[in-house]
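> Sharing model_7.txt (compact mmCIF, C-alpha atoms) below.
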```txt
# COMPACT_ATOMS: atom_id res chain seq x y z
CA MET A 16 12.41 -16.24 1.12
CA THR A 17 14.51 -13.34 -0.11
CA THR A 18 13.55 -10.74 2.49
CA ASN A 19 14.25 -11.20 6.21
CA GLU A 20 10.90 -11.36 7.94
CA THR A 21 10.63 -10.55 11.62
CA PRO A 22 7.50 -11.09 13.70
CA PRO A 23 5.02 -8.21 13.49
CA THR A 24 5.47 -5.78 16.38
CA ALA A 25 2.83 -3.12 16.14
CA ARG A 26 3.05 -0.02 18.26
CA PRO A 27 0.50 0.41 21.03
CA GLY A 28 -2.65 2.02 19.73
CA ARG A 29 -2.83 5.76 20.03
CA GLY A 30 -6.61 5.88 20.14
CA PRO A 31 -7.78 2.52 21.56
CA ALA A 32 -11.39 3.39 22.15
CA ALA A 33 -14.10 3.39 19.53
CA ASP A 34 -14.89 6.98 20.50
CA GLY A 35 -11.22 7.98 20.32
CA PRO A 36 -9.58 10.30 17.79
CA ASN A 37 -8.62 7.66 15.23
CA ARG A 38 -12.03 7.09 13.64
CA ALA A 39 -14.89 9.27 12.56
CA ARG A 40 -17.67 9.26 15.12
CA PRO A 41 -21.44 9.31 14.61
CA GLY A 42 -22.36 12.90 14.05
CA ALA A 43 -18.76 13.94 13.50
CA GLU A 44 -18.04 16.78 11.13
CA GLY A 45 -15.00 17.60 9.08
CA PRO A 46 -13.18 16.41 5.97
CA PHE A 47 -12.46 12.92 7.30
CA ALA A 48 -15.96 12.12 8.60
CA GLY A 49 -16.96 9.48 6.04
CA PRO A 50 -18.76 6.12 6.20
CA ALA A 51 -17.58 5.44 9.73
CA ALA A 52 -19.64 8.45 10.79
CA GLY A 53 -22.82 6.40 10.87
CA ALA A 54 -25.29 4.17 9.10
CA GLY A 55 -26.66 6.98 6.95
CA ALA A 56 -23.32 7.69 5.35
CA GLN A 57 -22.70 3.98 4.91
CA ALA A 58 -26.02 3.57 3.14
CA ARG A 59 -25.24 6.44 0.80
CA ARG A 60 -21.90 4.86 -0.15
CA HIS A 61 -23.20 1.33 -0.63
CA GLY A 62 -26.21 -0.07 -2.40
CA PRO A 63 -29.08 -1.99 -0.75
CA GLY A 64 -27.12 -5.24 -0.98
CA GLY A 65 -23.99 -3.72 0.54
CA GLU A 66 -22.14 -3.59 -2.78
CA ALA A 67 -19.76 -0.72 -3.46
CA PRO A 68 -20.99 1.55 -6.29
CA GLY A 69 -17.51 1.63 -7.81
CA GLY A 70 -17.38 -2.15 -7.86
CA ALA A 71 -14.86 -4.25 -9.71
CA ALA A 72 -14.39 -1.66 -12.44
CA ALA A 73 -13.06 0.93 -9.98
CA LEU A 74 -10.69 -1.63 -8.49
CA LEU A 75 -9.41 -2.49 -11.97
CA ILE A 76 -8.73 1.17 -12.68
CA LEU A 77 -6.94 1.64 -9.36
CA THR A 78 -4.67 -1.38 -9.86
CA ASP A 79 -4.05 -0.83 -13.58
CA GLY A 80 -0.35 -0.33 -14.23
CA ARG A 81 -1.28 2.48 -16.62
CA PHE A 82 -3.01 4.48 -13.86
CA PRO A 83 -0.82 7.63 -13.68
CA ALA A 84 0.35 7.17 -10.10
CA GLY A 85 4.10 7.02 -10.78
CA GLY A 86 4.64 3.38 -9.85
CA HIS A 87 6.25 2.53 -13.19
CA ALA A 88 9.38 4.44 -12.09
CA HIS A 89 9.91 2.26 -9.01
CA SER A 90 11.02 -1.37 -8.76
CA GLY A 91 9.94 -2.14 -5.20
CA GLY A 92 13.48 -3.18 -4.32
CA ALA A 93 13.89 -5.45 -7.34
CA GLU A 94 16.69 -3.42 -8.94
CA ALA A 95 18.90 -3.75 -5.87
CA ALA A 96 18.00 -7.44 -5.56
CA VAL A 97 18.92 -8.09 -9.19
CA ALA A 98 22.26 -6.31 -8.75
CA ALA A 99 22.98 -8.41 -5.67
CA GLY A 100 22.09 -11.63 -7.49
CA ARG A 101 19.09 -12.35 -5.27
CA ILE A 102 16.79 -12.20 -8.30
CA HIS A 103 18.11 -13.97 -11.38
CA ASP A 104 15.30 -16.16 -12.73
CA PRO A 105 11.53 -16.79 -12.29
CA ALA A 106 12.03 -18.92 -9.17
CA SER A 107 14.09 -16.29 -7.37
CA LEU A 108 11.66 -13.58 -8.48
CA GLU A 109 8.83 -15.60 -6.94
CA ALA A 110 10.76 -15.98 -3.67
CA PHE A 111 11.45 -12.24 -3.58
CA CYS A 112 7.83 -11.32 -4.29
CA ARG A 113 6.54 -13.80 -1.71
CA GLY A 114 8.81 -12.31 0.93
CA ARG A 115 7.77 -8.78 -0.01
CA LEU A 116 4.07 -9.67 0.01
CA HIS A 117 4.18 -11.10 3.52
CA THR A 118 6.19 -8.21 4.98
CA ALA A 119 6.03 -4.79 3.34
CA GLY A 120 2.96 -5.84 1.36
CA LEU A 121 1.01 -6.92 4.43
CA THR A 122 1.89 -3.71 6.25
CA ALA A 123 0.83 -1.58 3.28
CA ALA A 124 -2.38 -3.57 2.85
CA GLY A 125 -3.31 -2.99 6.49
CA LEU A 126 -2.76 0.76 6.21
CA ALA A 127 -4.72 0.96 2.96
CA ALA A 128 -7.60 -1.08 4.38
CA ALA A 129 -7.73 1.10 7.48
CA ALA A 130 -7.87 4.28 5.40
CA ALA A 131 -10.67 2.82 3.31
CA ALA A 132 -12.49 1.82 6.50
CA GLY A 133 -12.53 5.39 7.77
CA LEU A 134 -9.61 5.76 10.20
CA ASP A 135 -8.10 9.22 10.37
CA PRO A 136 -5.58 9.34 7.49
CA LEU A 137 -3.28 11.72 9.37
CA THR A 138 -3.04 9.24 12.25
CA LEU A 139 -2.44 6.47 9.73
CA ASP A 140 0.28 8.55 8.08
CA GLU A 141 2.08 8.71 11.42
CA ALA A 142 1.61 4.95 11.82
CA ALA A 143 3.10 4.45 8.35
CA ASP A 144 6.14 6.53 9.34
CA ALA A 145 6.66 4.31 12.39
CA ARG A 146 6.46 1.21 10.19
CA THR A 147 8.99 2.55 7.66
CA PRO A 148 12.38 2.79 9.39
CA ALA A 149 14.45 3.41 6.25
CA PRO A 150 14.58 7.13 5.32
CA ALA A 151 14.87 6.27 1.63
CA LEU A 152 11.65 4.26 1.75
CA ARG A 153 9.83 6.98 3.69
CA MET A 154 10.81 9.49 1.02
CA THR A 155 9.73 7.11 -1.74
CA ALA A 156 6.39 6.42 -0.06
CA ARG A 157 5.62 10.13 0.20
CA ARG A 158 6.65 10.86 -3.38
CA LEU A 159 4.41 8.06 -4.60
CA GLY A 160 1.64 9.28 -2.33
CA ARG A 161 1.89 12.80 -3.75
CA GLN A 162 1.64 11.49 -7.30
CA LEU A 163 -1.20 9.12 -6.45
CA ILE A 164 -3.27 11.79 -4.74
CA ARG A 165 -3.03 13.97 -7.85
CA ALA A 166 -4.32 11.15 -10.02
CA ALA A 167 -6.99 10.12 -7.52
CA ARG A 168 -8.37 13.64 -7.06
CA ALA A 169 -8.72 13.99 -10.82
CA THR A 170 -10.38 10.57 -11.13
CA TRP A 171 -12.58 10.43 -8.02
CA PRO A 172 -13.00 13.97 -6.60
CA SER A 173 -13.32 13.78 -2.84
CA PRO A 174 -13.25 16.28 0.05
CA GLU A 175 -11.22 13.73 2.02
CA LEU A 176 -8.55 13.56 -0.67
CA ASP A 177 -8.53 17.37 -0.87
CA ALA A 178 -8.10 17.63 2.90
CA LEU A 179 -5.23 15.13 2.95
CA ALA A 180 -3.49 16.94 0.08
CA ALA A 181 -3.76 20.21 2.02
CA ALA A 182 -2.53 18.64 5.26
CA ARG A 183 0.39 16.81 3.62
CA PRO A 184 1.54 19.03 0.71
CA ARG A 185 4.79 17.04 0.42
CA GLY A 186 2.83 13.81 0.19
CA ALA A 187 1.31 11.30 2.57
CA HIS A 188 2.45 7.68 2.62
CA GLN A 189 1.29 5.93 -0.52
CA PRO A 190 -0.70 3.10 1.17
CA VAL A 191 -2.72 5.66 3.13
CA VAL A 192 -3.48 7.61 -0.04
CA LEU A 193 -4.32 4.36 -1.81
CA GLY A 194 -6.87 3.47 0.84
CA LEU A 195 -8.43 6.93 0.74
CA ALA A 196 -8.56 6.77 -3.07
CA ALA A 197 -10.30 3.40 -2.84
CA ARG A 198 -12.79 4.92 -0.42
CA ALA A 199 -13.42 7.82 -2.79
CA ALA A 200 -14.01 5.30 -5.60
CA GLY A 201 -16.67 3.54 -3.54
CA LEU A 202 -14.48 0.56 -2.65
CA GLY A 203 -14.17 -1.17 0.70
CA PRO A 204 -11.27 -2.10 3.01
CA ARG A 205 -10.63 -5.50 1.43
CA ASP A 206 -10.55 -3.93 -2.04
CA ALA A 207 -7.97 -1.43 -0.81
CA ALA A 208 -5.95 -4.26 0.74
CA TYR A 209 -6.02 -6.17 -2.54
CA ALA A 210 -4.77 -3.09 -4.40
CA ALA A 211 -1.89 -2.58 -1.96
CA GLY A 212 -0.94 -6.25 -1.89
CA TYR A 213 -1.05 -6.59 -5.65
CA GLU A 214 1.10 -3.51 -6.07
CA ALA A 215 3.67 -4.99 -3.68
CA VAL A 216 4.32 -7.88 -6.06
CA SER A 217 3.36 -6.57 -9.49
CA GLY A 218 5.86 -3.70 -9.33
CA PRO A 219 8.92 -5.95 -8.77
CA ALA A 220 7.64 -8.47 -11.33
CA THR A 221 7.26 -5.80 -14.01
CA ALA A 222 10.60 -4.21 -13.16
CA THR A 223 12.40 -7.55 -13.37
CA VAL A 224 11.16 -8.03 -16.92
CA ARG A 225 13.05 -4.87 -17.82
CA LEU A 226 16.07 -5.49 -15.62
CA LEU A 227 16.74 -9.10 -16.68
CA SER A 228 14.89 -9.25 -20.00
CA LEU A 229 12.81 -11.88 -18.24
CA ASP A 230 10.05 -13.46 -20.29
CA PRO A 231 6.86 -11.50 -19.45
CA PHE A 232 4.94 -14.78 -19.50
CA ASP A 233 7.14 -16.10 -16.70
CA ALA A 234 6.69 -12.93 -14.64
CA THR A 235 2.91 -13.10 -15.02
CA ALA A 236 2.94 -16.76 -14.03
CA VAL A 237 4.72 -15.75 -10.81
CA LEU A 238 1.90 -13.35 -9.98
CA ALA A 239 -0.68 -16.04 -10.73
CA ARG A 240 1.01 -18.50 -8.38
CA LEU A 241 1.00 -15.87 -5.63
CA ALA A 242 -2.73 -15.17 -6.03
CA PRO A 243 -3.91 -17.49 -3.19
CA GLU A 244 -1.45 -15.85 -0.82
CA LEU A 245 -2.62 -12.42 -1.91
CA ASP A 246 -6.18 -13.50 -1.04
CA ARG A 247 -5.06 -14.38 2.48
CA ILE A 248 -3.06 -11.17 2.90
CA ALA A 249 -6.06 -9.06 1.84
CA ALA A 250 -8.36 -10.87 4.25
CA ARG A 251 -5.87 -10.51 7.10
CA ALA A 252 -5.39 -6.81 6.41
CA ALA A 253 -9.13 -6.13 6.20
CA GLU A 254 -9.71 -7.91 9.52
CA ALA A 255 -6.93 -5.87 11.13
CA ALA A 256 -8.52 -2.68 9.80
CA ARG A 257 -11.85 -3.71 11.33
CA ARG A 258 -10.17 -4.16 14.71
CA ALA A 259 -8.27 -0.90 14.31
CA LEU A 260 -11.56 0.99 14.18
CA ASP A 261 -11.93 0.17 17.88
CA GLU A 262 -8.34 -0.41 19.01
CA GLY A 263 -6.44 2.21 17.02
CA PRO A 264 -3.58 1.79 14.51
CA GLY A 265 -1.65 -0.46 16.88
CA ALA A 266 -3.94 -3.27 15.68
CA LEU A 267 -2.58 -2.96 12.15
CA PRO A 268 0.22 -5.23 10.85
CA ALA A 269 3.78 -4.06 11.34
CA ALA A 270 5.73 -6.79 9.56
CA SER A 271 9.28 -5.80 8.67
CA ALA A 272 11.76 -6.66 5.93
CA PRO A 273 15.22 -5.48 7.08
CA LEU A 274 16.93 -6.59 3.88
CA LEU A 275 14.57 -4.42 1.83
CA ASP A 276 15.35 -1.48 4.13
CA ILE A 277 19.11 -1.95 3.84
CA ALA A 278 18.97 -2.43 0.08
CA ALA A 279 16.83 0.70 -0.33
CA GLU A 280 19.40 2.82 1.50
CA GLN A 281 22.18 1.42 -0.66
CA HIS A 282 20.19 1.85 -3.87
CA ALA A 283 19.54 5.51 -3.04
CA THR A 284 23.30 6.19 -3.23
CA TRP A 285 23.76 4.78 -6.74
CA SER A 286 24.77 7.39 -9.28
CA VAL A 287 23.35 5.33 -12.16
CA ARG A 288 20.12 3.37 -11.84
CA LEU A 289 17.12 2.50 -13.96
CA PHE A 290 14.47 2.94 -11.24
CA ALA A 291 13.98 5.60 -8.59
CA SER A 292 13.72 2.94 -5.88
```
Could you express the structure from this file as structure tokens?

Amino acid sequence: MTTNETPPTARPGRGPAADGPNRARPGAEGPFAGPAAGAGAQARRHGPGGEAPGGAAALLILTDGRFPAGGHAHSGGAEAAVAAGRIHDPASLEAFCRGRLHTAGLTAAGLAAAAAAGLDPLTLDEAADARTPAPALRMTARRLGRQLIRAARATWPSPELDALAAARPRGAHQPVVLGLAARAAGLGPRDAAYAAGYEAVSGPATATVRLLSLDPFDATAVLARLAPELDRIAARAAEAARRALDEGPGALPAASAPLLDIAAEQHATWSVRLFAS
């Protein structure tokens, strides 16, 4: 595995009770009082069979590489890994993406799922800061979040997205925005987790095609081979989000990838680079 994975060590929850500040409560008012506010709101968001009105089409739009969220300008650490020789062929790309999926990808999927489930996005933004020790990656996450919220507000207008944009004018962490965008599109926590997990591997795969002139067929085959693991990551993140509704953000994954953090800080100092991160 290319990244150095350390055991998840989540911070203690800041709002451990179900009636604490980290989730909307029945009867709660305000911009972030969504489906978690009660059965009535949940029924309005979902159909009689529990299906999300946005459905698969909304998820496809959200994960489409052509969605104008700015991700095309970022390599997810692949540019630094290519320069260091850690990515040099399809096999090493697969190892890198697998490591990223189970560390940074899992953490992002948990945050996105929690936002889609109805946890307070400002609390989640603080939790994302705590899970992102590298300043370069925090800056990147907020830049991507600012771009994503612009695209999401234009695509799925939402008071919650408007409130987050007002509260974080410099940008909230991208996974939190992604989860709130999924929520605005009528998608659920597992959908949001899928979107975050897929982005964690599709970005490096696409970037490597450009960086190494890798055969696009080989890069796509890497993503296909990782699909079963992405299924498991999405399920794990959605379950963590369900627990976080009662226990607070400390229940969310906090897997780390120190090599990605170190490489991101080094990459930020390069005077010439193809990708912003």
> Could you check how far CA of Leu274 (chain A) sits from CA of Val237 (chain A), in Å to one decimal?
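Pair CA of Leu274 (chain A) / CA of Val237 (chain A) returns 21.2 Å.
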> Just the residues within 9 Å of region 283-290 of chain A, please, counting only C-alpha atoms, with nothing from its chain fewer than 6 positions along; format it as number ranges by chain.
A: 87-90, 94, 151, 222, 226
> Please identify all polymer residues lying at most 10 Å from the point (-8.1, 4.0, 1.7) (file coordinates), using only C-alpha atoms, and present the result as a ChimeraX atom specification.
/A:124-134,136,176,189-200,202-208,210-211
> Take CA of Ala182 (chain A) and CA of Gln162 (chain A) and report the distance between them in Å, one decimal.
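Going from CA of Ala182 (chain A) over to CA of Gln162 (chain A), I get 15.0 Å.
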> Hey, which of A:Leu77, A:Leu179, A:Ala106, A:Ile277 ends up closest to Leu238 (chain A)? Count only C-alpha atoms.
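Checking each candidate against Leu238 (chain A), we get A:Ala106 as the closest.
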> Which distance in Å separates CA of Ala180 (chain A) and CA of Ala166 (chain A), to one decimal?
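Taking CA of Ala180 (chain A) and CA of Ala166 (chain A), their separation equals 11.7 Å.
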> So that I can check the surroundings of region 115-119 of chain A, please list as an mmCIF file with C-alpha atoms, keeping the file's coordinate frame every protein, DNA and RNA residue that reaches within 6 Å of it, counting only C-alpha atoms and ignoring chain neighbours fewer than 4 positions away.

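File written: selection.cif
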```
data_model
loop_
_atom_site.group_PDB
_atom_site.id
_atom_site.type_symbol
_atom_site.label_atom_id
_atom_site.label_comp_id
_atom_site.auth_asym_id
_atom_site.auth_seq_id
_atom_site.Cartn_x
_atom_site.Cartn_y
_atom_site.Cartn_z
ATOM 1 C CA ALA A 215 3.670 -4.990 -3.680
ATOM 2 C CA ALA A 270 5.730 -6.790 9.560
ATOM 3 C CA SER A 271 9.280 -5.800 8.670
ATOM 4 C CA ALA A 272 11.760 -6.660 5.930
#
```
> Using all atoms listed in the file, which residue out of A:Thr223, A:Leu121, A:Arg183, A:Asp177 lies closest to Arg247 (chain A)?
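Going through A:Thr223, A:Leu121, A:Arg183, A:Asp177 one by one, the smallest distance to Arg247 (chain A) is for A:Leu121.
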> Just give me the residues with any atom within 10 Å of (17.3, -8.7, -10.4), file coordinates, counting only C-alpha atoms, written as number ranges by chain.
A: 90, 92-104, 107-108, 111, 219-220, 222-229
> When you count only C-alpha atoms, which of these residues is closest to Gly186 (chain A): A:Ala145, A:Leu159, A:Cys112, A:Ala167?
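Between A:Ala145, A:Leu159, A:Cys112, A:Ala167, the residue approaching Gly186 (chain A) most closely is A:Leu159.
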> Might you pull out every residue within 8 Å of Asp140 (chain A), with all atoms listed in the file counted and same-chain residues fewer than 2 positions away left off, and present them as a PyMOL selection string?
chain A and resi 136-138+142-144+187-188+191
> Would you compute an axis-aligned box for region 260-271 of chain A, covering every atom listed for it in the file with 8 Å of margin on each side, and report centre and edge lengths in Å to one decimal as lines of an AutoDock Vina configuration file?

```
center_x = -1.3
center_y = -2.3
center_z = 13.8
size_x = 37.2
size_y = 25.0
size_z = 26.3
```
